[in-house]
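Enquirer: One structure, pasted below without further comment.
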Amino acid sequence: MNGFIEPIIGRYVHIEVNGEINRIYFEENGSGIPLVCLHTAGSDARQWRHLLVDDEFTRHFRVIAFDMPWHGKSNPPDSQYGTEYRLTTASYTAIIRAFCNALKLERPVVMGCSIGGRIVLNLAIEHAHEFRALIGLEAADFQQPWYDTAWLNRPDVHGGEVCAALVSGLIAPNGPEASRNETLWGYKQGGPGIFKGDLYFYRVDGDLRGRTCNIDVNQCPLYLLTGEYDFSCTPEDTLRTAAGIPGAKASVMERLGHFPMSENPEQFRRYIAPVLQDILNKQNS
């Protein structure tokens, strides 16, 4: 609609991580229970724009999505320009907690996809008392690597195009073409070596096998949802992980792949709406 202005508000917050200030861009809309959304590897918070303008959700949830350092509108920390970017379990966890603390969020819900889904499991293991609920999309304790990450940062290869080409097969077929193109466009715009650096966490440092059994869903409910067409984090990976966590709720999402919130927002809505309603019911009970 010509002239329509979306209600999303974008701002920057300065957070301290490992003794250094990071200027972090975030967008938000709504009021109520804080819902912090984590983007996938190599992309940014634009993936959550449909959730951010959903009137039904923002009536009860303060939806917040931020760009990780090095991603989107969040620059690298000042001292790290020219260095190799590598995301670790410790640094990822510290960034999320620092962001929530800086915004003074009281026991927020955190929902992450892909690497965001993996780190949600670590939050459940180490910091469950800080959160109201945790939602992992395309999440499992470990996935077997299936490609050579050296291709993701080479001087003779267009980094953005090869990143987009790599993940294109993870989008479910027959979804909206515009949403598919938008999802891949985010990957084409990523900084050099950022997708590869995120995957250091996903493939090497973030192996949580043997640790998820310590998750107590009575302290913090855990929801795991994975698209049926995801062959990076397969439904079997997620169901296997959930089976080792008593009380975790797991669902396989039909007609969706690895980027449910951006590749087919309407289909994703069918699955996330009951989860958010369940969280809301627990809040009001």
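Residue names in the structure tokens use chain letters A, B, ... in the order shown, residue numbers from 1 in each chain, and ligand numbers from 1 in the order shown.
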Would you list the contacts of Gly193 (chain A) as a ChimeraX atom specification, taking every protein, DNA or RNA residue within 6 Å and counting only C-alpha atoms, but skipping same-chain residues closer than 2 positions in sequence?
Expert: /A:153,195-196
Enquirer: Between CA of Leu166 (chain A) and CA of Thr93 (chain A), what is the distance, to one decimal in Å?
Expert: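 CA of Thr93 (chain A) lies at a distance of 26.3 Å from CA of Leu166 (chain A).
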Enquirer: So, with only C-alpha atoms as the atoms that count, which of A:Met1, A:Leu134, A:Leu52, A:Val217 lies closest to Phe26 (chain A)?
Expert: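 When distances to Phe26 (chain A) are compared using only C-alpha atoms, the smallest one comes from A:Leu52.
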Enquirer: Counting only C-alpha atoms, which residue out of A:Glu138, A:Asp54, A:Asp207, A:Asp156 sits closest to Ser251 (chain A)?
Expert: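 That would be A:Glu138, the residue with the smallest distance to Ser251 (chain A).
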Enquirer: How far is it from CA of Asn101 (chain A) to CA of Ile64 (chain A), in Å with one decimal?
Expert: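 We find that CA of Asn101 (chain A) and CA of Ile64 (chain A) lie 13.4 Å from each other.
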Enquirer: List every residue of region 11-148 of chain A that DSSP, applied to the backbone of this structure, places in strand (DSSP E), and write the result as a ChimeraX atom specification.
Expert: /A:11-17,20-29,33-38,61-66,109-113,133-137
Enquirer: For region 144-152 of chain A, please output as a list in words all residues within 9 Å (counting only C-alpha atoms; exclusion window: fewer than 6 positions along the same chain).
Expert: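 Once the nearby chain positions are removed, what remains is His158, Gly159, Gly160, Val162, Cys163, Leu166, Pro192, Gly193, Ile194, Phe195, Lys196, Leu199, Arg203, Ser232 and Cys233 of chain A.
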Enquirer: So which one's closest to Trp48 (chain A), A:Pro274, A:Gly197, A:Gly191, A:Gly112? Using only C-alpha atoms, please.
Expert: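 Using only C-alpha atoms, Trp48 (chain A) sits closest to A:Gly112.
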Enquirer: If we count only C-alpha atoms, what is near Leu222 (chain A) at a cut-off of 7 Å, once residues fewer than 6 positions away on the same chain are taken out, given as an mmCIF file with all heavy atoms, in the first residue's frame?
Expert:
data_model
loop_
_atom_site.group_PDB
_atom_site.id
_atom_site.type_symbol
_atom_site.label_atom_id
_atom_site.label_comp_id
_atom_site.auth_asym_id
_atom_site.auth_seq_id
_atom_site.Cartn_x
_atom_site.Cartn_y
_atom_site.Cartn_z
ATOM 1 N N ALA A 133 10.858 -18.615 28.603
ATOM 2 C CA ALA A 133 10.734 -19.775 27.723
ATOM 3 C C ALA A 133 11.792 -19.636 26.638
ATOM 4 O O ALA A 133 12.292 -18.537 26.369
ATOM 5 C CB ALA A 133 9.340 -19.875 27.103
ATOM 6 N N LEU A 134 12.119 -20.752 25.996
ATOM 7 C CA LEU A 134 13.109 -20.769 24.929
ATOM 8 C C LEU A 134 12.544 -21.542 23.748
ATOM 9 O O LEU A 134 11.942 -22.614 23.919
ATOM 10 C CB LEU A 134 14.412 -21.401 25.409
ATOM 11 C CG LEU A 134 15.155 -20.604 26.501
ATOM 12 C CD1 LEU A 134 16.198 -21.464 27.190
ATOM 13 C CD2 LEU A 134 15.800 -19.347 25.896
ATOM 14 N N ILE A 135 12.744 -20.987 22.539
ATOM 15 C CA ILE A 135 12.203 -21.593 21.318
ATOM 16 C C ILE A 135 13.351 -21.778 20.336
ATOM 17 O O ILE A 135 13.995 -20.802 19.919
ATOM 18 C CB ILE A 135 11.124 -20.704 20.682
ATOM 19 C CG1 ILE A 135 10.026 -20.358 21.696
ATOM 20 C CG2 ILE A 135 10.521 -21.390 19.451
ATOM 21 C CD1 ILE A 135 9.078 -19.278 21.212
ATOM 22 N N ALA A 248 10.563 -31.585 26.814
ATOM 23 C CA ALA A 248 10.705 -30.666 25.686
ATOM 24 C C ALA A 248 9.622 -30.954 24.654
ATOM 25 O O ALA A 248 9.267 -32.106 24.403
ATOM 26 C CB ALA A 248 12.081 -30.803 25.055
ATOM 27 N N LYS A 249 9.082 -29.889 24.045
ATOM 28 C CA LYS A 249 8.037 -30.039 23.046
ATOM 29 C C LYS A 249 8.639 -29.844 21.657
ATOM 30 O O LYS A 249 9.247 -28.811 21.386
ATOM 31 C CB LYS A 249 6.915 -29.027 23.292
ATOM 32 C CG LYS A 249 6.200 -29.228 24.627
ATOM 33 C CD LYS A 249 5.069 -28.239 24.811
ATOM 34 C CE LYS A 249 4.343 -28.469 26.136
ATOM 35 N NZ LYS A 249 3.219 -27.521 26.342
#
Enquirer: Taking only C-alpha atoms into account, which of A:Gln47, A:Gln219, A:Ser285, A:Thr212 comes nearest Thr238 (chain A)?
Expert: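 For Thr238 (chain A), the nearest of the given residues is A:Thr212.
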Enquirer: Excluding Gly30 (chain A) and residues on its chain fewer than 5 positions from it, collect all residues at most 9 Å away from it, counting only C-alpha atoms, and give them as a PyMOL selection string.
Expert: chain A and resi 7-8+52-53+55+57-64
Enquirer: Could those residues be written to a file, using N, CA, C and O atoms, as a compact mmCIF listing (two decimals), in the first residue's frame?
Expert:
# COMPACT_ATOMS: atom_id res chain seq x y z
N PRO A 7 4.99 -0.18 11.79
CA PRO A 7 5.16 0.28 13.17
C PRO A 7 6.48 -0.11 13.82
O PRO A 7 6.70 0.15 14.99
N ILE A 8 7.37 -0.75 13.07
CA ILE A 8 8.65 -1.18 13.62
C ILE A 8 9.51 0.04 13.95
O ILE A 8 9.61 0.97 13.16
N LEU A 52 7.48 -9.13 13.36
CA LEU A 52 7.50 -7.82 14.00
C LEU A 52 6.26 -6.97 13.69
O LEU A 52 5.96 -6.02 14.42
N VAL A 53 5.55 -7.28 12.63
CA VAL A 53 4.36 -6.49 12.28
C VAL A 53 3.08 -7.30 12.40
O VAL A 53 2.04 -6.88 11.90
N ASP A 55 0.01 -8.13 14.16
CA ASP A 55 -0.77 -7.46 15.21
C ASP A 55 -1.19 -8.40 16.33
O ASP A 55 -1.23 -8.00 17.49
N PHE A 57 0.39 -11.02 17.52
CA PHE A 57 1.52 -11.33 18.40
C PHE A 57 1.98 -10.10 19.17
O PHE A 57 2.27 -10.18 20.36
N THR A 58 2.07 -8.96 18.48
CA THR A 58 2.59 -7.77 19.14
C THR A 58 1.61 -7.17 20.14
O THR A 58 1.97 -6.26 20.89
N ARG A 59 0.39 -7.68 20.16
CA ARG A 59 -0.57 -7.26 21.18
C ARG A 59 -0.17 -7.77 22.56
O ARG A 59 -0.46 -7.16 23.58
N HIS A 60 0.53 -8.90 22.58
CA HIS A 60 0.89 -9.54 23.84
C HIS A 60 2.40 -9.69 24.05
O HIS A 60 2.83 -10.00 25.16
N PHE A 61 3.17 -9.47 22.98
CA PHE A 61 4.62 -9.66 23.06
C PHE A 61 5.33 -8.41 22.54
O PHE A 61 4.93 -7.82 21.53
N ARG A 62 6.38 -8.04 23.24
CA ARG A 62 7.30 -7.01 22.74
C ARG A 62 8.35 -7.74 21.91
O ARG A 62 9.31 -8.30 22.43
N VAL A 63 8.16 -7.76 20.61
CA VAL A 63 9.02 -8.52 19.71
C VAL A 63 10.26 -7.69 19.40
O VAL A 63 10.15 -6.54 18.96
N ILE A 64 11.42 -8.27 19.62
CA ILE A 64 12.70 -7.57 19.46
C ILE A 64 13.63 -8.44 18.64
O ILE A 64 13.83 -9.62 18.98
Enquirer: Counting only C-alpha atoms, figure out which residue out of A:Thr40, A:Tyr229, A:Arg86, A:Gly72 gets nearest to Pro173 (chain A).
Expert: A:Tyr229
Enquirer: Near Ala94 (chain A), within 9 Å and counting only C-alpha atoms, which residues show up once chain neighbours fewer than 4 positions away are dropped, as a PyMOL selection string?
Expert: chain A and resi 17-18+89-90+98-99
